[in-house]
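Enquirer: Provided herewith: coords.tsv, TSV, C-alpha atoms (C1' of nucleotides).
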chain	number	residue	atom	x	y	z
V	1	MET	CA	-5.65	9.98	-4.10
V	2	LEU	CA	-8.58	8.05	-5.47
V	3	PHE	CA	-6.78	4.79	-6.20
V	4	LYS	CA	-5.04	4.65	-2.84
V	5	ALA	CA	-8.44	5.05	-1.23
V	6	PHE	CA	-9.75	1.93	-2.95
V	7	SER	CA	-6.60	-0.12	-2.54
V	8	ASP	CA	-7.36	-1.43	0.93
V	9	PRO	CA	-9.94	-4.24	1.37
V	10	THR	CA	-11.17	-2.91	4.71
V	11	ARG	CA	-11.85	0.50	3.19
V	12	VAL	CA	-13.72	-1.08	0.30
V	13	ALA	CA	-15.82	-3.02	2.81
V	14	LEU	CA	-16.63	0.18	4.68
V	15	ILE	CA	-17.65	1.92	1.47
V	16	GLY	CA	-19.79	-1.09	0.57
V	17	CYS	CA	-21.42	-0.92	3.99
V	18	ILE	CA	-22.37	2.73	3.56
V	19	ALA	CA	-23.48	2.14	-0.03
V	20	LYS	CA	-25.71	-0.78	0.98
V	21	CYS	CA	-27.20	1.35	3.70
V	22	GLY	CA	-28.28	3.98	1.18
V	23	ARG	CA	-28.06	6.88	3.58
V	24	GLY	CA	-25.60	8.72	5.75
V	25	CYS	CA	-24.01	6.40	8.30
V	26	SER	CA	-22.36	7.24	11.60
V	27	VAL	CA	-18.92	5.90	12.46
V	28	GLY	CA	-20.44	3.62	15.07
V	29	GLU	CA	-22.92	2.09	12.64
V	30	VAL	CA	-20.21	1.34	10.12
V	31	ALA	CA	-17.98	-0.07	12.86
V	32	GLU	CA	-20.67	-2.63	13.73
V	33	CYS	CA	-20.50	-3.98	10.19
V	34	CYS	CA	-16.93	-5.11	10.33
V	35	SER	CA	-14.52	-6.73	12.71
V	36	VAL	CA	-11.97	-3.95	13.04
V	37	ASP	CA	-11.65	-1.52	15.89
V	38	PHE	CA	-13.78	1.60	16.13
V	39	SER	CA	-10.70	3.81	15.87
V	40	VAL	CA	-9.65	2.06	12.68
V	41	VAL	CA	-13.05	2.74	11.12
V	42	SER	CA	-12.83	6.37	12.18
V	43	ARG	CA	-9.44	6.74	10.54
V	44	HIS	CA	-10.47	4.99	7.33
V	45	LEU	CA	-13.62	7.05	6.93
V	46	ALA	CA	-11.70	10.28	7.52
V	47	LEU	CA	-9.19	9.22	4.87
V	48	LEU	CA	-11.97	8.36	2.42
V	49	ALA	CA	-13.51	11.79	3.01
V	50	ARG	CA	-10.16	13.45	2.37
V	51	SER	CA	-9.86	11.42	-0.85
V	52	GLY	CA	-13.26	12.67	-1.97
V	53	VAL	CA	-14.92	9.26	-1.91
V	54	LEU	CA	-17.13	10.09	1.05
V	55	GLU	CA	-18.77	13.22	2.31
V	56	ALA	CA	-18.88	13.98	6.01
V	57	THR	CA	-21.57	15.97	7.76
V	58	LYS	CA	-21.55	16.58	11.48
V	59	ASP	CA	-24.73	16.66	13.51
V	60	GLY	CA	-24.02	17.29	17.15
V	61	ARG	CA	-21.46	14.69	18.18
V	62	THR	CA	-22.32	12.25	15.40
V	63	VAL	CA	-20.60	12.35	12.04
V	64	PHE	CA	-22.51	11.02	9.07
V	65	TYR	CA	-20.64	9.71	6.10
V	66	ARG	CA	-22.26	9.18	2.70
V	67	VAL	CA	-20.90	8.08	-0.67
V	68	ARG	CA	-20.25	10.86	-3.18
V	69	TYR	CA	-21.70	8.91	-6.10
V	70	SER	CA	-21.92	11.63	-8.70
V	71	GLU	CA	-18.43	13.00	-8.00
V	72	LEU	CA	-16.97	9.50	-8.14
V	73	CYS	CA	-18.71	8.77	-11.43
V	74	ARG	CA	-17.49	12.04	-12.85
V	75	SER	CA	-13.90	11.30	-11.81
V	76	LEU	CA	-13.97	7.81	-13.30
V	77	ARG	CA	-15.54	8.98	-16.56
V	78	SER	CA	-13.17	11.90	-16.99
V	79	LEU	CA	-10.28	9.55	-16.35
V	80	ALA	CA	-11.63	7.19	-19.01
V	81	ASP	CA	-11.98	10.14	-21.39
V	82	ALA	CA	-8.39	11.18	-20.70
V	83	LEU	CA	-7.22	7.66	-21.47
V	84	ASP	CA	-9.15	7.69	-24.72
V	85	GLU	CA	-7.41	10.92	-25.69
V	86	CYS	CA	-4.09	9.37	-24.80
V	87	CYS	CA	-4.73	6.22	-26.84
V	88	PRO	CA	-2.35	5.91	-29.83
V	89	ALA	CA	-5.16	4.67	-32.09
V	90	LYS	CA	-6.91	8.01	-31.61
V	91	GLY	CA	-3.93	10.19	-32.44
V	92	GLY	CA	-2.79	10.98	-28.95
V	93	ALA	CA	0.61	9.35	-29.30
V	94	ARG	CA	3.95	9.56	-30.98
V	95	ASN	CA	6.82	7.26	-31.76
V	96	GLY	CA	10.56	7.73	-31.42
V	97	LYS	CA	12.67	7.53	-28.30
V	98	CYS	CA	10.98	6.44	-25.13
V	99	CYS	CA	10.61	9.29	-22.61
A	1	MET	CA	-6.80	-5.64	-8.69
A	2	LEU	CA	-7.03	-2.45	-10.70
A	3	PHE	CA	-6.83	0.03	-7.84
A	4	LYS	CA	-3.86	-1.68	-6.18
A	5	ALA	CA	-2.07	-1.42	-9.50
A	6	PHE	CA	-2.44	2.35	-9.54
A	7	SER	CA	-1.78	2.85	-5.83
A	8	ASP	CA	2.00	2.99	-6.06
A	9	PRO	CA	3.66	6.19	-7.39
A	10	THR	CA	6.51	4.31	-9.06
A	11	ARG	CA	4.04	2.17	-10.99
A	12	VAL	CA	2.08	5.22	-12.08
A	13	ALA	CA	5.32	6.78	-13.31
A	14	LEU	CA	6.11	3.65	-15.31
A	15	ILE	CA	2.65	3.63	-16.88
A	16	GLY	CA	3.06	7.32	-17.69
A	17	CYS	CA	6.38	6.60	-19.33
A	18	ILE	CA	4.90	3.91	-21.58
A	19	ALA	CA	1.85	6.06	-22.33
A	20	LYS	CA	4.00	9.05	-23.30
A	21	CYS	CA	6.03	6.81	-25.53
A	22	GLY	CA	2.94	5.80	-27.49
A	23	ARG	CA	4.21	2.36	-28.43
A	24	GLY	CA	5.36	-0.89	-26.86
A	25	CYS	CA	8.31	-0.31	-24.56
A	26	SER	CA	10.94	-2.78	-23.42
A	27	VAL	CA	11.78	-3.17	-19.74
A	28	GLY	CA	15.16	-1.54	-20.32
A	29	GLU	CA	13.66	1.51	-22.00
A	30	VAL	CA	11.24	2.06	-19.16
A	31	ALA	CA	14.00	1.54	-16.61
A	32	GLU	CA	15.97	4.42	-18.16
A	33	CYS	CA	13.07	6.77	-17.43
A	34	CYS	CA	13.13	6.42	-13.69
A	35	SER	CA	15.58	6.12	-10.87
A	36	VAL	CA	14.68	2.68	-9.58
A	37	ASP	CA	16.54	-0.52	-10.29
A	38	PHE	CA	16.02	-2.53	-13.45
A	39	SER	CA	14.72	-5.48	-11.43
A	40	VAL	CA	12.16	-3.27	-9.74
A	41	VAL	CA	10.87	-2.09	-13.10
A	42	SER	CA	10.65	-5.67	-14.30
A	43	ARG	CA	8.60	-6.66	-11.27
A	44	HIS	CA	6.28	-3.66	-11.49
A	45	LEU	CA	5.60	-4.17	-15.19
A	46	ALA	CA	4.88	-7.86	-14.64
A	47	LEU	CA	2.44	-6.94	-11.87
A	48	LEU	CA	0.75	-4.34	-14.07
A	49	ALA	CA	0.36	-6.92	-16.81
A	50	ARG	CA	-1.19	-9.36	-14.33
A	51	SER	CA	-3.57	-6.59	-13.23
A	52	GLY	CA	-4.66	-6.04	-16.82
A	53	VAL	CA	-3.27	-2.53	-17.07
A	54	LEU	CA	-0.50	-3.48	-19.48
A	55	GLU	CA	-0.14	-6.04	-22.21
A	56	ALA	CA	3.11	-7.94	-22.66
A	57	THR	CA	4.40	-9.29	-25.95
A	58	LYS	CA	7.69	-11.08	-26.22
A	59	ASP	CA	9.93	-10.71	-29.24
A	60	GLY	CA	13.07	-12.76	-28.90
A	61	ARG	CA	14.59	-11.80	-25.59
A	62	THR	CA	12.88	-8.43	-25.41
A	63	VAL	CA	9.50	-7.99	-23.76
A	64	PHE	CA	7.35	-5.13	-24.96
A	65	TYR	CA	4.76	-3.64	-22.67
A	66	ARG	CA	1.95	-1.42	-23.91
A	67	VAL	CA	-1.00	0.20	-22.17
A	68	ARG	CA	-4.36	-1.56	-22.58
A	69	TYR	CA	-6.28	1.67	-23.15
A	70	SER	CA	-9.60	0.28	-24.34
A	71	GLU	CA	-9.80	-2.35	-21.61
A	72	LEU	CA	-8.96	0.23	-18.95
A	73	CYS	CA	-11.58	2.62	-20.27
A	74	ARG	CA	-14.15	-0.15	-20.33
A	75	SER	CA	-13.38	-1.08	-16.72
A	76	LEU	CA	-13.61	2.51	-15.52
A	77	ARG	CA	-16.85	3.18	-17.38
A	78	SER	CA	-18.52	0.00	-16.20
A	79	LEU	CA	-17.51	0.86	-12.67
A	80	ALA	CA	-19.02	4.32	-13.09
A	81	ASP	CA	-22.19	2.72	-14.44
A	82	ALA	CA	-22.35	0.36	-11.46
A	83	LEU	CA	-22.03	3.34	-9.10
A	84	ASP	CA	-24.84	5.12	-10.92
A	85	GLU	CA	-27.06	2.08	-10.41
A	86	CYS	CA	-26.13	2.04	-6.76
A	87	CYS	CA	-26.87	5.74	-6.24
A	88	PRO	CA	-29.83	6.36	-3.87
A	89	ALA	CA	-31.14	9.17	-6.08
A	90	LYS	CA	-31.65	6.65	-8.86
A	91	GLY	CA	-33.53	4.11	-6.81
A	92	GLY	CA	-30.69	1.78	-5.98
A	93	ALA	CA	-30.86	2.25	-2.24
A	94	ARG	CA	-32.93	1.58	0.84
A	95	ASN	CA	-33.18	2.92	4.36
A	96	GLY	CA	-33.47	1.18	7.70
A	97	LYS	CA	-30.76	-0.48	9.73
A	98	CYS	CA	-27.24	-0.14	8.44
A	99	CYS	CA	-25.88	-3.42	6.98
S	1	DC	C1'	29.42	-23.73	-27.87
S	2	DC	C1'	30.47	-19.54	-25.66
S	3	DA	C1'	29.60	-14.92	-24.65
S	4	DA	C1'	26.61	-11.12	-24.48
S	5	DT	C1'	22.05	-9.24	-23.99
S	6	DA	C1'	17.36	-8.92	-21.89
S	7	DC	C1'	14.85	-10.05	-18.46
S	8	DT	C1'	13.34	-12.71	-14.03
S	9	DT	C1'	13.83	-14.38	-9.39
S	10	DG	C1'	15.73	-15.22	-4.55
S	11	DC	C1'	17.10	-12.89	-0.64
S	12	DA	C1'	17.75	-9.45	2.84
S	13	DC	C1'	16.59	-4.78	4.19
S	14	DT	C1'	13.59	-0.96	4.73
S	15	DA	C1'	9.51	1.84	4.45
S	16	DT	C1'	4.80	2.20	4.47
S	17	DG	C1'	0.44	1.38	6.16
S	18	DA	C1'	-3.08	-1.12	8.95
S	19	DC	C1'	-4.32	-2.32	13.53
S	20	DG	C1'	-5.68	-2.08	18.59
S	21	DC	C1'	-5.34	0.12	22.92
S	22	DA	C1'	-5.56	4.00	25.64
S	23	DA	C1'	-5.95	8.76	26.23
S	24	DG	C1'	-7.85	13.00	24.49
S	25	DT	C1'	-11.44	16.16	22.49
S	26	DA	C1'	-16.18	17.66	21.39
S	27	DC	C1'	-20.82	17.86	22.29
S	28	DG	C1'	-25.37	17.15	24.58
S	29	DC	C1'	-28.13	16.51	28.58
S	30	DA	C1'	-29.50	16.37	33.35
N	1	DT	C1'	-20.89	21.50	36.08
N	2	DG	C1'	-20.38	16.83	35.81
N	3	DC	C1'	-21.18	12.66	33.24
N	4	DG	C1'	-21.96	9.91	29.24
N	5	DT	C1'	-21.79	9.42	24.26
N	6	DA	C1'	-19.44	9.88	19.70
N	7	DC	C1'	-15.57	10.36	17.64
N	8	DT	C1'	-10.36	11.52	17.03
N	9	DT	C1'	-5.50	11.07	17.88
N	10	DG	C1'	-0.94	9.35	19.79
N	11	DC	C1'	1.74	5.42	20.16
N	12	DG	C1'	3.73	0.90	19.72
N	13	DT	C1'	3.39	-3.42	17.04
N	14	DC	C1'	2.98	-6.16	13.11
N	15	DA	C1'	2.27	-7.42	8.26
N	16	DT	C1'	2.71	-6.16	3.63
N	17	DA	C1'	4.98	-4.34	-0.15
N	18	DG	C1'	8.81	-1.74	-2.42
N	19	DT	C1'	13.80	-1.72	-3.23
N	20	DG	C1'	18.59	-3.14	-4.65
N	21	DC	C1'	22.00	-6.61	-5.23
N	22	DA	C1'	23.34	-10.82	-6.94
N	23	DA	C1'	22.44	-14.99	-9.16
N	24	DG	C1'	19.58	-17.41	-12.43
N	25	DT	C1'	17.09	-18.28	-16.99
N	26	DA	C1'	16.24	-17.49	-21.86
N	27	DT	C1'	17.54	-16.11	-26.38
N	28	DT	C1'	20.52	-14.31	-29.95
N	29	DG	C1'	24.83	-13.92	-32.60
N	30	DG	C1'	29.66	-14.89	-33.55
Once more with this new file: its structure as structure tokens, please.

Expert:
Amino acid sequence: MLFKAFSDPTRVALIGCIAKCGRGCSVGEVAECCSVDFSVVSRHLALLARSGVLEATKDGRTVFYRVRYSELCRSLRSLADALDECCPAKGGARNGKCC
Amino acid sequence: MLFKAFSDPTRVALIGCIAKCGRGCSVGEVAECCSVDFSVVSRHLALLARSGVLEATKDGRTVFYRVRYSELCRSLRSLADALDECCPAKGGARNGKCC
DNA sequence: CCAATACTTGCACTATGACGCAAGTACGCA
DNA sequence: TGCGTACTTGCGTCATAGTGCAAGTATTGG
């Protein structure tokens, strides 16, 4: 889930690290950026890839993670669109009993 | 934080309940929708209001919560815009050493 | 003023998730 | 084939956050 992925400060820092880098980063490179254990970074990056935030490509024994910018943007925008549709002011609501 | 707010399934259910309702909902009304305790609902809604997801208005002893659609949309879209700026393909990146 | 309603808060318990270490797997190179 | 590098996974520990109960606060109406 997208929101769970962004709900941990360490994960956000890792994403920021890769984003700042502007290219695919190996687990080791990302691990150097922050104070947590290598294994922790590995787990977080794998989770972020499963959540669709990152994309993983393997080259030999190194795994490169990069940010899936366009997919993320699309998700956020479609979510915003869905909210707009849902908004009472735009006719997406009803009154009466709650739930 | 916005993402923390959406990272708990119970909270998402509560937001969904209020959204479906299409108007301001009292704590009691929302509590009827789901299986958790009244106090839990109260706490979650207060947190969501602090996070900017919901808006609280008090009328006598009843508190009405409603979804802040436009603010949420604005946040999501500006985040998407920021990601676009950051995207390497659009000139927001650099190579070299990571971090 | 008292009781009832609507919600909030303190407290203890539990579940979830993050963390580090150590062991395991995968791959490349001599 | 053996060793080193790059990463993953199992496990125990700890901190954070969700939950329910009970008590507290605030507001309304008789």

Enquirer: Go through A:Val27, A:Cys17, A:Ala82, A:Val53 and flag the residue nearest chain S, using all atoms listed in the file for the distances.

Expert: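 Of A:Val27, A:Cys17, A:Ala82, A:Val53, the one nearest chain S, counting all atoms listed in the file, is A:Val27.
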
Enquirer: Which chain S residues are at most 12 Å from chain V (counting only C-alpha atoms (C1' of nucleotides)), as a ChimeraX atom specification?

Expert: /S:17-22,25-28

Enquirer: Save out the residues we just selected, C-alpha atoms (C1' of nucleotides), as a PDB file, keeping the file's coordinate frame.

Expert:
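again-v6.pdb written:
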ATOM      1  C1'  DG S  17       0.440   1.380   6.160  1.00  0.00           C
ATOM      2  C1'  DA S  18      -3.080  -1.120   8.950  1.00  0.00           C
ATOM      3  C1'  DC S  19      -4.320  -2.320  13.530  1.00  0.00           C
ATOM      4  C1'  DG S  20      -5.680  -2.080  18.590  1.00  0.00           C
ATOM      5  C1'  DC S  21      -5.340   0.120  22.920  1.00  0.00           C
ATOM      6  C1'  DA S  22      -5.560   4.000  25.640  1.00  0.00           C
ATOM      7  C1'  DT S  25     -11.440  16.160  22.490  1.00  0.00           C
ATOM      8  C1'  DA S  26     -16.180  17.660  21.390  1.00  0.00           C
ATOM      9  C1'  DC S  27     -20.820  17.860  22.290  1.00  0.00           C
ATOM     10  C1'  DG S  28     -25.370  17.150  24.580  1.00  0.00           C
TER      11       DG S  28
END

Enquirer: Could you fit chain A onto chain V by least squares over every C-alpha atom, paired in order, and give me the moved chain as an mmCIF file with C-alpha atoms, in the coordinates of the input?

Expert:
data_model
loop_
_atom_site.group_PDB
_atom_site.id
_atom_site.type_symbol
_atom_site.label_atom_id
_atom_site.label_comp_id
_atom_site.auth_asym_id
_atom_site.auth_seq_id
_atom_site.Cartn_x
_atom_site.Cartn_y
_atom_site.Cartn_z
ATOM 1 C CA MET A 1 -5.580 10.187 -4.092
ATOM 2 C CA LEU A 2 -8.528 8.243 -5.432
ATOM 3 C CA PHE A 3 -6.755 4.975 -6.171
ATOM 4 C CA LYS A 4 -4.981 4.839 -2.804
ATOM 5 C CA ALA A 5 -8.378 5.229 -1.189
ATOM 6 C CA PHE A 6 -9.679 2.105 -2.891
ATOM 7 C CA SER A 7 -6.484 0.083 -2.498
ATOM 8 C CA ASP A 8 -7.209 -1.234 0.981
ATOM 9 C CA PRO A 9 -9.761 -4.078 1.393
ATOM 10 C CA THR A 10 -11.010 -2.800 4.747
ATOM 11 C CA ARG A 11 -11.758 0.600 3.236
ATOM 12 C CA VAL A 12 -13.591 -0.976 0.322
ATOM 13 C CA ALA A 13 -15.673 -2.972 2.797
ATOM 14 C CA LEU A 14 -16.542 0.207 4.684
ATOM 15 C CA ILE A 15 -17.571 1.974 1.481
ATOM 16 C CA GLY A 16 -19.656 -1.062 0.545
ATOM 17 C CA CYS A 17 -21.337 -0.959 3.920
ATOM 18 C CA ILE A 18 -22.314 2.700 3.534
ATOM 19 C CA ALA A 19 -23.384 2.147 -0.077
ATOM 20 C CA LYS A 20 -25.587 -0.813 0.864
ATOM 21 C CA CYS A 21 -27.131 1.260 3.590
ATOM 22 C CA GLY A 22 -28.224 3.902 1.093
ATOM 23 C CA ARG A 23 -28.059 6.797 3.527
ATOM 24 C CA GLY A 24 -25.612 8.644 5.751
ATOM 25 C CA CYS A 25 -24.036 6.296 8.268
ATOM 26 C CA SER A 26 -22.441 7.125 11.598
ATOM 27 C CA VAL A 27 -18.987 5.823 12.479
ATOM 28 C CA GLY A 28 -20.506 3.481 15.052
ATOM 29 C CA GLU A 29 -22.944 1.966 12.575
ATOM 30 C CA VAL A 30 -20.198 1.264 10.086
ATOM 31 C CA ALA A 31 -17.985 -0.159 12.819
ATOM 32 C CA GLU A 32 -20.667 -2.750 13.638
ATOM 33 C CA CYS A 33 -20.449 -4.071 10.078
ATOM 34 C CA CYS A 34 -16.858 -5.165 10.217
ATOM 35 C CA SER A 35 -14.432 -6.773 12.578
ATOM 36 C CA VAL A 36 -11.928 -3.964 12.962
ATOM 37 C CA ASP A 37 -11.704 -1.562 15.857
ATOM 38 C CA PHE A 38 -13.881 1.518 16.132
ATOM 39 C CA SER A 39 -10.819 3.769 15.958
ATOM 40 C CA VAL A 40 -9.702 2.101 12.755
ATOM 41 C CA VAL A 41 -13.077 2.752 11.165
ATOM 42 C CA SER A 42 -12.923 6.369 12.262
ATOM 43 C CA ARG A 43 -9.511 6.805 10.671
ATOM 44 C CA HIS A 44 -10.473 5.074 7.430
ATOM 45 C CA LEU A 45 -13.652 7.107 7.021
ATOM 46 C CA ALA A 46 -11.771 10.344 7.672
ATOM 47 C CA LEU A 47 -9.217 9.354 5.032
ATOM 48 C CA LEU A 48 -11.958 8.485 2.545
ATOM 49 C CA ALA A 49 -13.562 11.860 3.142
ATOM 50 C CA ARG A 50 -10.219 13.585 2.545
ATOM 51 C CA SER A 51 -9.866 11.587 -0.685
ATOM 52 C CA GLY A 52 -13.262 12.801 -1.858
ATOM 53 C CA VAL A 53 -14.883 9.383 -1.822
ATOM 54 C CA LEU A 54 -17.133 10.155 1.132
ATOM 55 C CA GLU A 55 -18.826 13.254 2.421
ATOM 56 C CA ALA A 56 -18.983 13.965 6.142
ATOM 57 C CA THR A 57 -21.731 15.908 7.869
ATOM 58 C CA LYS A 58 -21.764 16.443 11.586
ATOM 59 C CA ASP A 59 -24.974 16.476 13.577
ATOM 60 C CA GLY A 60 -24.331 17.062 17.240
ATOM 61 C CA ARG A 61 -21.773 14.498 18.274
ATOM 62 C CA THR A 62 -22.567 12.093 15.464
ATOM 63 C CA VAL A 63 -20.771 12.249 12.134
ATOM 64 C CA PHE A 64 -22.617 10.942 9.112
ATOM 65 C CA TYR A 65 -20.688 9.686 6.133
ATOM 66 C CA ARG A 66 -22.267 9.172 2.727
ATOM 67 C CA VAL A 67 -20.851 8.128 -0.628
ATOM 68 C CA ARG A 68 -20.209 10.940 -3.125
ATOM 69 C CA TYR A 69 -21.626 9.003 -6.072
ATOM 70 C CA SER A 70 -21.843 11.769 -8.655
ATOM 71 C CA GLU A 71 -18.367 13.110 -7.926
ATOM 72 C CA LEU A 72 -16.892 9.612 -8.102
ATOM 73 C CA CYS A 73 -18.629 8.916 -11.391
ATOM 74 C CA ARG A 74 -17.408 12.207 -12.791
ATOM 75 C CA SER A 75 -13.823 11.422 -11.780
ATOM 76 C CA LEU A 76 -13.926 7.950 -13.300
ATOM 77 C CA ARG A 77 -15.491 9.152 -16.543
ATOM 78 C CA SER A 78 -13.085 12.036 -16.970
ATOM 79 C CA LEU A 79 -10.225 9.650 -16.378
ATOM 80 C CA ALA A 80 -11.632 7.320 -19.027
ATOM 81 C CA ASP A 81 -11.943 10.276 -21.393
ATOM 82 C CA ALA A 82 -8.334 11.277 -20.727
ATOM 83 C CA LEU A 83 -7.214 7.720 -21.528
ATOM 84 C CA ASP A 84 -9.180 7.800 -24.769
ATOM 85 C CA GLU A 85 -7.378 10.996 -25.752
ATOM 86 C CA CYS A 86 -4.084 9.373 -24.912
ATOM 87 C CA CYS A 87 -4.795 6.228 -26.940
ATOM 88 C CA PRO A 88 -2.444 5.821 -29.952
ATOM 89 C CA ALA A 89 -5.314 4.645 -32.160
ATOM 90 C CA LYS A 90 -6.961 8.023 -31.697
ATOM 91 C CA GLY A 91 -3.943 10.104 -32.560
ATOM 92 C CA GLY A 92 -2.710 10.855 -29.081
ATOM 93 C CA ALA A 93 0.625 9.129 -29.452
ATOM 94 C CA ARG A 94 3.974 9.276 -31.178
ATOM 95 C CA ASN A 95 6.812 6.905 -31.934
ATOM 96 C CA GLY A 96 10.557 7.281 -31.617
ATOM 97 C CA LYS A 97 12.689 7.053 -28.514
ATOM 98 C CA CYS A 98 10.941 6.042 -25.338
ATOM 99 C CA CYS A 99 10.556 8.959 -22.872
#

Enquirer: Set out as a Markdown table a contact list for chain A and chain V with a cut-off of 10 Å, giving each residue of chain A that qualifies its closest atom pair and distance in Å to one decimal, counting all atoms listed in the file, ordered by chain and rising residue number.

Expert:
| residue | atom | partner | partner_atom | distance |
| --- | --- | --- | --- | --- |
| A:Met1 | CA | V:Ser7 | CA | 8.3 |
| A:Leu2 | CA | V:Ser7 | CA | 8.5 |
| A:Phe3 | CA | V:Phe3 | CA | 5.0 |
| A:Lys4 | CA | V:Ser7 | CA | 4.8 |
| A:Ala5 | CA | V:Ser7 | CA | 8.4 |
| A:Phe6 | CA | V:Phe3 | CA | 6.0 |
| A:Ser7 | CA | V:Lys4 | CA | 4.8 |
| A:Asp8 | CA | V:Lys4 | CA | 7.9 |
| A:Pro9 | CA | V:Lys4 | CA | 9.9 |
| A:Gly16 | CA | V:Cys99 | CA | 9.2 |
| A:Cys17 | CA | V:Cys99 | CA | 6.0 |
| A:Ile18 | CA | V:Cys98 | CA | 7.5 |
| A:Ala19 | CA | V:Cys86 | CA | 7.2 |
| A:Lys20 | CA | V:Cys99 | CA | 6.7 |
| A:Cys21 | CA | V:Cys98 | CA | 5.0 |
| A:Gly22 | CA | V:Ala93 | CA | 4.6 |
| A:Arg23 | CA | V:Asn95 | CA | 6.5 |
| A:Gly24 | CA | V:Cys98 | CA | 9.4 |
| A:Cys25 | CA | V:Cys98 | CA | 7.3 |
| A:Ser26 | CA | V:Cys98 | CA | 9.4 |
| A:Glu29 | CA | V:Cys98 | CA | 6.4 |
| A:Val30 | CA | V:Cys98 | CA | 7.4 |
| A:Glu32 | CA | V:Cys99 | CA | 8.5 |
| A:Cys33 | CA | V:Cys99 | CA | 6.3 |
| A:Cys34 | CA | V:Cys99 | CA | 9.7 |
| A:Val67 | CA | V:Cys87 | CA | 8.5 |
| A:Arg68 | CA | V:Cys87 | CA | 8.9 |
| A:Tyr69 | CA | V:Cys87 | CA | 6.1 |
| A:Ser70 | CA | V:Asp84 | CA | 7.4 |
| A:Leu72 | CA | V:Ala80 | CA | 7.5 |
| A:Cys73 | CA | V:Ala80 | CA | 4.7 |
| A:Arg74 | CA | V:Ala80 | CA | 7.9 |
| A:Ser75 | CA | V:Ala80 | CA | 8.8 |
| A:Leu76 | CA | V:Leu76 | CA | 5.8 |
| A:Arg77 | CA | V:Arg77 | CA | 6.0 |
| A:Ser78 | CA | V:Arg77 | CA | 9.5 |
| A:Leu79 | CA | V:Leu76 | CA | 7.8 |
| A:Ala80 | CA | V:Cys73 | CA | 4.8 |
| A:Asp81 | CA | V:Cys73 | CA | 7.6 |
| A:Ala82 | CA | V:Cys73 | CA | 9.2 |
| A:Leu83 | CA | V:Tyr69 | CA | 6.3 |
| A:Asp84 | CA | V:Tyr69 | CA | 6.9 |
| A:Glu85 | CA | V:Tyr69 | CA | 9.7 |
| A:Cys86 | CA | V:Ala19 | CA | 7.2 |
| A:Cys87 | CA | V:Tyr69 | CA | 6.1 |
| A:Pro88 | CA | V:Gly22 | CA | 5.8 |
| A:Ala89 | CA | V:Gly22 | CA | 9.4 |
| A:Gly91 | CA | V:Gly22 | CA | 9.6 |
| A:Gly92 | CA | V:Gly22 | CA | 7.9 |
| A:Ala93 | CA | V:Gly22 | CA | 4.6 |
| A:Arg94 | CA | V:Gly22 | CA | 5.2 |
| A:Asn95 | CA | V:Gly22 | CA | 5.9 |
| A:Gly96 | CA | V:Cys21 | CA | 7.4 |
| A:Lys97 | CA | V:Cys21 | CA | 7.2 |
| A:Cys98 | CA | V:Cys21 | CA | 5.0 |
| A:Cys99 | CA | V:Cys17 | CA | 5.9 |

Enquirer: At what distance in Å, to one decimal, does CA of Ala46 in chain V lie from C1' of DT13 in chain N?

Expert: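 The value is 22.5 Å.
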
Enquirer: Can you check which parts of chain N lie within 8 Å of chain A? Per residue, the shortest pair of atoms and distance in Å to one decimal, counting all atoms listed in the file, sorted by chain and number, as a Markdown table.

Expert:
| residue | atom | partner | partner_atom | distance |
| --- | --- | --- | --- | --- |
| N:DT19 | C1' | A:Val40 | CA | 6.9 |
| N:DG20 | C1' | A:Asp37 | CA | 6.5 |
| N:DA26 | C1' | A:Arg61 | CA | 7.0 |
| N:DT27 | C1' | A:Arg61 | CA | 5.3 |
| N:DT28 | C1' | A:Gly60 | CA | 7.7 |

Enquirer: Tell me, in Å to one decimal, how far CA of Ala56 in chain V is from CA of Ser35 in chain V.

Expert: 22.2 Å

Enquirer: Expressed in Å to a single decimal, how great is the separation between CA of Val12 in chain A and CA of Phe64 in chain A?

Expert: 17.3 Å

Enquirer: Within 12 Å of DG30 in chain N, counting only C-alpha atoms (C1' of nucleotides), which residues qualify if same-chain residues fewer than 2 places away don't, as number ranges by chain?

Expert: S: 1-4; N: 28

Enquirer: With a distance cut-off of 9 Å and only C-alpha atoms (C1' of nucleotides), select the neighbouring residues of DG18 in chain N, excluding the residue or stretch itself and same-chain residues fewer than 2 positions from it, and output the selection as a list of chain:residue names.

Expert: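 Residues meeting the cut-off are A:Val40, S:DT14, S:DA15, S:DT16.
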